[in-house]
Amino acid sequence: MSKLANDTRVFKINPEIDVQNVRFKNRFGFILAGHLYLPLNFDSNKQYPAIVISGPFGAVKEQSSGLYAQTLAEKGFVTVAFDQSTTGESSGSVRNVASPDIFVEDFSAAVDFIGLQKFIDRENRCYWYLWFG
């Protein structure tokens, strides 16, 4: 994780929501790029419910999925908005390929990533998947 730099989000940004750049790998070996949105008054010693979000084919995390992630962070969720494989900042040498099997794996990798964070409530398994397609 690293602090979000060179912010290119296209929606009104809430400066009270901390956003981190994150990277994680899926089982196909693609490196997925995401933004981790932390709730208001985030305390790394507490545990939070988590949500992973990605947009429809061709959309990137700086668009609607990022806006939803920010809004959910305002409501107390830790949220990851990510670019699917071959899209945006995520890897993949053939760009903008529609591949349902890879996209399903992308969501699985995002859930694995967020579930490994110590501030996520893994006992309640509060994961939601949002896909706008």
# chains A, B, ... in the order shown; residues from 1 in each chain; ligands from 1
>>> closest_atom_pairs(of="region 9-28 of chain A", to="region 65-70 of chain A", cutoff="12 Å", atoms="only C-alpha atoms", output="JSON lines")
{"residue": "A:Arg9", "atom": "CA", "partner": "A:Gly66", "partner_atom": "CA", "distance": 7.5}
{"residue": "A:Val10", "atom": "CA", "partner": "A:Leu67", "partner_atom": "CA", "distance": 8.7}
{"residue": "A:Phe11", "atom": "CA", "partner": "A:Leu67", "partner_atom": "CA", "distance": 6.5}
{"residue": "A:Lys12", "atom": "CA", "partner": "A:Leu67", "partner_atom": "CA", "distance": 8.1}
{"residue": "A:Ile13", "atom": "CA", "partner": "A:Gln70", "partner_atom": "CA", "distance": 8.0}
{"residue": "A:Asn14", "atom": "CA", "partner": "A:Gln70", "partner_atom": "CA", "distance": 7.5}
{"residue": "A:Pro15", "atom": "CA", "partner": "A:Gln70", "partner_atom": "CA", "distance": 10.2}
{"residue": "A:Glu16", "atom": "CA", "partner": "A:Gln70", "partner_atom": "CA", "distance": 10.0}
{"residue": "A:Ile17", "atom": "CA", "partner": "A:Gln70", "partner_atom": "CA", "distance": 7.0}
{"residue": "A:Asp18", "atom": "CA", "partner": "A:Gln70", "partner_atom": "CA", "distance": 9.2}
{"residue": "A:Val19", "atom": "CA", "partner": "A:Gln70", "partner_atom": "CA", "distance": 8.6}
{"residue": "A:Gln20", "atom": "CA", "partner": "A:Gln70", "partner_atom": "CA", "distance": 11.7}
>>> residues_around(residues="Asp121 (chain A)", least_positions_apart="4", cutoff="6 Å", atoms="only C-alpha atoms", output="VMD selection string")
chain A and resid 47 to 49
>>> closest_atom_pairs(of="region 79-107 of chain A", to="region 52-61 of chain A", cutoff="9 Å", atoms="only C-alpha atoms", output="CSV")
residue,atom,partner,partner_atom,distance
A:Thr79,CA,A:Val52,CA,5.7
A:Val80,CA,A:Val52,CA,4.8
A:Ala81,CA,A:Ile53,CA,4.7
A:Phe82,CA,A:Lys61,CA,5.2
A:Asp83,CA,A:Val60,CA,5.2
A:Gln84,CA,A:Ser54,CA,7.0
A:Thr87,CA,A:Gly58,CA,6.3
A:Gly88,CA,A:Val60,CA,5.7
A:Glu89,CA,A:Val60,CA,8.3
A:Asn96,CA,A:Gly58,CA,6.4
A:Val97,CA,A:Phe57,CA,8.6
A:Ala98,CA,A:Phe57,CA,6.9
A:Phe107,CA,A:Val52,CA,7.4
>>> write_last_selection(atoms="N, CA, C and O atoms", output="PDB file, in the first residue's frame")
ATOM      1  N   THR A  79     -13.093  -0.357   1.447  1.00  0.00           N
ATOM      2  CA  THR A  79     -13.525  -0.698   0.101  1.00  0.00           C
ATOM      3  C   THR A  79     -12.360  -0.658  -0.873  1.00  0.00           C
ATOM      4  O   THR A  79     -11.526   0.248  -0.798  1.00  0.00           O
ATOM      5  N   VAL A  80     -12.316  -1.633  -1.768  1.00  0.00           N
ATOM      6  CA  VAL A  80     -11.316  -1.651  -2.829  1.00  0.00           C
ATOM      7  C   VAL A  80     -12.027  -1.481  -4.162  1.00  0.00           C
ATOM      8  O   VAL A  80     -12.927  -2.257  -4.495  1.00  0.00           O
ATOM      9  N   ALA A  81     -11.645  -0.444  -4.903  1.00  0.00           N
ATOM     10  CA  ALA A  81     -12.076  -0.277  -6.288  1.00  0.00           C
ATOM     11  C   ALA A  81     -10.856  -0.634  -7.136  1.00  0.00           C
ATOM     12  O   ALA A  81      -9.762  -0.122  -6.880  1.00  0.00           O
ATOM     13  N   PHE A  82     -11.032  -1.527  -8.114  1.00  0.00           N
ATOM     14  CA  PHE A  82      -9.861  -1.971  -8.873  1.00  0.00           C
ATOM     15  C   PHE A  82     -10.139  -2.020 -10.370  1.00  0.00           C
ATOM     16  O   PHE A  82     -11.279  -2.104 -10.809  1.00  0.00           O
ATOM     17  N   ASP A  83      -9.039  -1.946 -11.125  1.00  0.00           N
ATOM     18  CA  ASP A  83      -9.092  -2.114 -12.574  1.00  0.00           C
ATOM     19  C   ASP A  83      -8.998  -3.604 -12.869  1.00  0.00           C
ATOM     20  O   ASP A  83      -8.101  -4.286 -12.362  1.00  0.00           O
ATOM     21  N   GLN A  84      -9.900  -4.114 -13.688  1.00  0.00           N
ATOM     22  CA  GLN A  84      -9.842  -5.528 -14.064  1.00  0.00           C
ATOM     23  C   GLN A  84      -8.611  -5.787 -14.931  1.00  0.00           C
ATOM     24  O   GLN A  84      -8.031  -4.861 -15.510  1.00  0.00           O
ATOM     25  N   THR A  87      -7.013  -3.877 -18.183  1.00  0.00           N
ATOM     26  CA  THR A  87      -7.697  -2.583 -18.225  1.00  0.00           C
ATOM     27  C   THR A  87      -7.015  -1.603 -17.276  1.00  0.00           C
ATOM     28  O   THR A  87      -6.550  -1.984 -16.205  1.00  0.00           O
ATOM     29  N   GLY A  88      -6.999  -0.333 -17.656  1.00  0.00           N
ATOM     30  CA  GLY A  88      -6.454   0.698 -16.778  1.00  0.00           C
ATOM     31  C   GLY A  88      -5.004   0.428 -16.415  1.00  0.00           C
ATOM     32  O   GLY A  88      -4.190   0.094 -17.265  1.00  0.00           O
ATOM     33  N   GLU A  89      -4.693   0.546 -15.117  1.00  0.00           N
ATOM     34  CA  GLU A  89      -3.326   0.328 -14.648  1.00  0.00           C
ATOM     35  C   GLU A  89      -3.003  -1.146 -14.386  1.00  0.00           C
ATOM     36  O   GLU A  89      -1.864  -1.471 -14.043  1.00  0.00           O
ATOM     37  N   ASN A  96      -7.645  -4.480 -23.002  1.00  0.00           N
ATOM     38  CA  ASN A  96      -9.097  -4.372 -23.171  1.00  0.00           C
ATOM     39  C   ASN A  96      -9.735  -5.632 -23.760  1.00  0.00           C
ATOM     40  O   ASN A  96     -10.530  -5.565 -24.694  1.00  0.00           O
ATOM     41  N   VAL A  97      -9.370  -6.764 -23.196  1.00  0.00           N
ATOM     42  CA  VAL A  97      -9.929  -8.042 -23.607  1.00  0.00           C
ATOM     43  C   VAL A  97     -11.049  -8.419 -22.650  1.00  0.00           C
ATOM     44  O   VAL A  97     -10.871  -8.362 -21.434  1.00  0.00           O
ATOM     45  N   ALA A  98     -12.195  -8.797 -23.169  1.00  0.00           N
ATOM     46  CA  ALA A  98     -13.302  -9.251 -22.330  1.00  0.00           C
ATOM     47  C   ALA A  98     -13.128 -10.741 -22.066  1.00  0.00           C
ATOM     48  O   ALA A  98     -13.192 -11.542 -22.999  1.00  0.00           O
ATOM     49  N   PHE A 107     -12.003 -10.714  -9.181  1.00  0.00           N
ATOM     50  CA  PHE A 107     -12.783 -10.470  -7.966  1.00  0.00           C
ATOM     51  C   PHE A 107     -12.326 -11.377  -6.834  1.00  0.00           C
ATOM     52  O   PHE A 107     -12.230 -10.952  -5.682  1.00  0.00           O
TER      53      PHE A 107
END
>>> closest_residue(among="A:Lys3, A:Ala33, A:Ile51, A:Lys25", to="Ser90 (chain A)", atoms="only C-alpha atoms")
A:Ala33
>>> select_by_dssp(residues="chain A", states="helix (DSSP H, G or I)", output="PyMOL selection string")
chain A and resi 64-74+100-115
>>> residues_around(residues="Thr86 (chain A)", least_positions_apart="6", cutoff="10 Å", atoms="only C-alpha atoms", output="list in words")
Phe30, Ile31, Leu32, Gly58, Gly92, Ser93, Val94, Arg95, Asn96, Val97, Ala98, Ser99, Ile102 and Phe103 of chain A
>>> residues_around(residues="Glu123 (chain A)", least_positions_apart="3", cutoff="12 Å", atoms="only C-alpha atoms", output="list of chain:residue names")
A:Gln47, A:Tyr48, A:Pro49, A:Ala50, A:Gly115, A:Leu116, A:Lys118, A:Phe119, A:Ile120, A:Cys126, A:Tyr127
>>> write_last_selection(atoms="N, CA and C atoms", output="CSV table (one decimal), in the first residue's frame")
chain,number,residue,atom,x,y,z
A,47,GLN,N,-11.6,-3.5,13.5
A,47,GLN,CA,-11.9,-4.3,12.3
A,47,GLN,C,-13.2,-3.8,11.6
A,48,TYR,N,-13.2,-3.9,10.3
A,48,TYR,CA,-14.2,-3.3,9.5
A,48,TYR,C,-14.8,-4.3,8.5
A,49,PRO,N,-16.0,-4.1,8.1
A,49,PRO,CA,-16.5,-4.9,6.9
A,49,PRO,C,-15.9,-4.4,5.7
A,50,ALA,N,-15.8,-5.3,4.7
A,50,ALA,CA,-15.1,-4.9,3.4
A,50,ALA,C,-16.0,-5.2,2.2
A,115,GLY,N,-9.2,-9.6,2.4
A,115,GLY,CA,-9.3,-10.5,3.6
A,115,GLY,C,-8.0,-10.7,4.4
A,116,LEU,N,-6.9,-10.4,3.8
A,116,LEU,CA,-5.6,-10.6,4.5
A,116,LEU,C,-5.2,-9.4,5.3
A,118,LYS,N,-5.3,-6.9,8.3
A,118,LYS,CA,-5.6,-7.2,9.8
A,118,LYS,C,-6.8,-6.3,10.2
A,119,PHE,N,-7.1,-5.3,9.5
A,119,PHE,CA,-8.2,-4.4,10.0
A,119,PHE,C,-9.6,-4.8,9.3
A,120,ILE,N,-9.6,-6.0,8.7
A,120,ILE,CA,-10.9,-6.5,8.1
A,120,ILE,C,-11.4,-7.6,9.1
A,126,CYS,N,-17.9,-10.3,6.0
A,126,CYS,CA,-18.7,-9.2,5.4
A,126,CYS,C,-18.1,-8.7,4.1
A,127,TYR,N,-18.1,-9.6,3.1
A,127,TYR,CA,-17.6,-9.2,1.8
A,127,TYR,C,-18.8,-9.0,0.9
>>> closest_residue(among="A:Lys46, A:Gln63, A:Pro100, A:Asp7", to="Arg122 (chain A)", atoms="only C-alpha atoms")
A:Lys46
>>> atom_distance(atom1="CA of Leu40 (chain A)", atom2="CA of Asn26 (chain A)")
29.1 Å
>>> atom_distance(atom1="CA of Arg27 (chain A)", atom2="CA of Val104 (chain A)")
10.8 Å
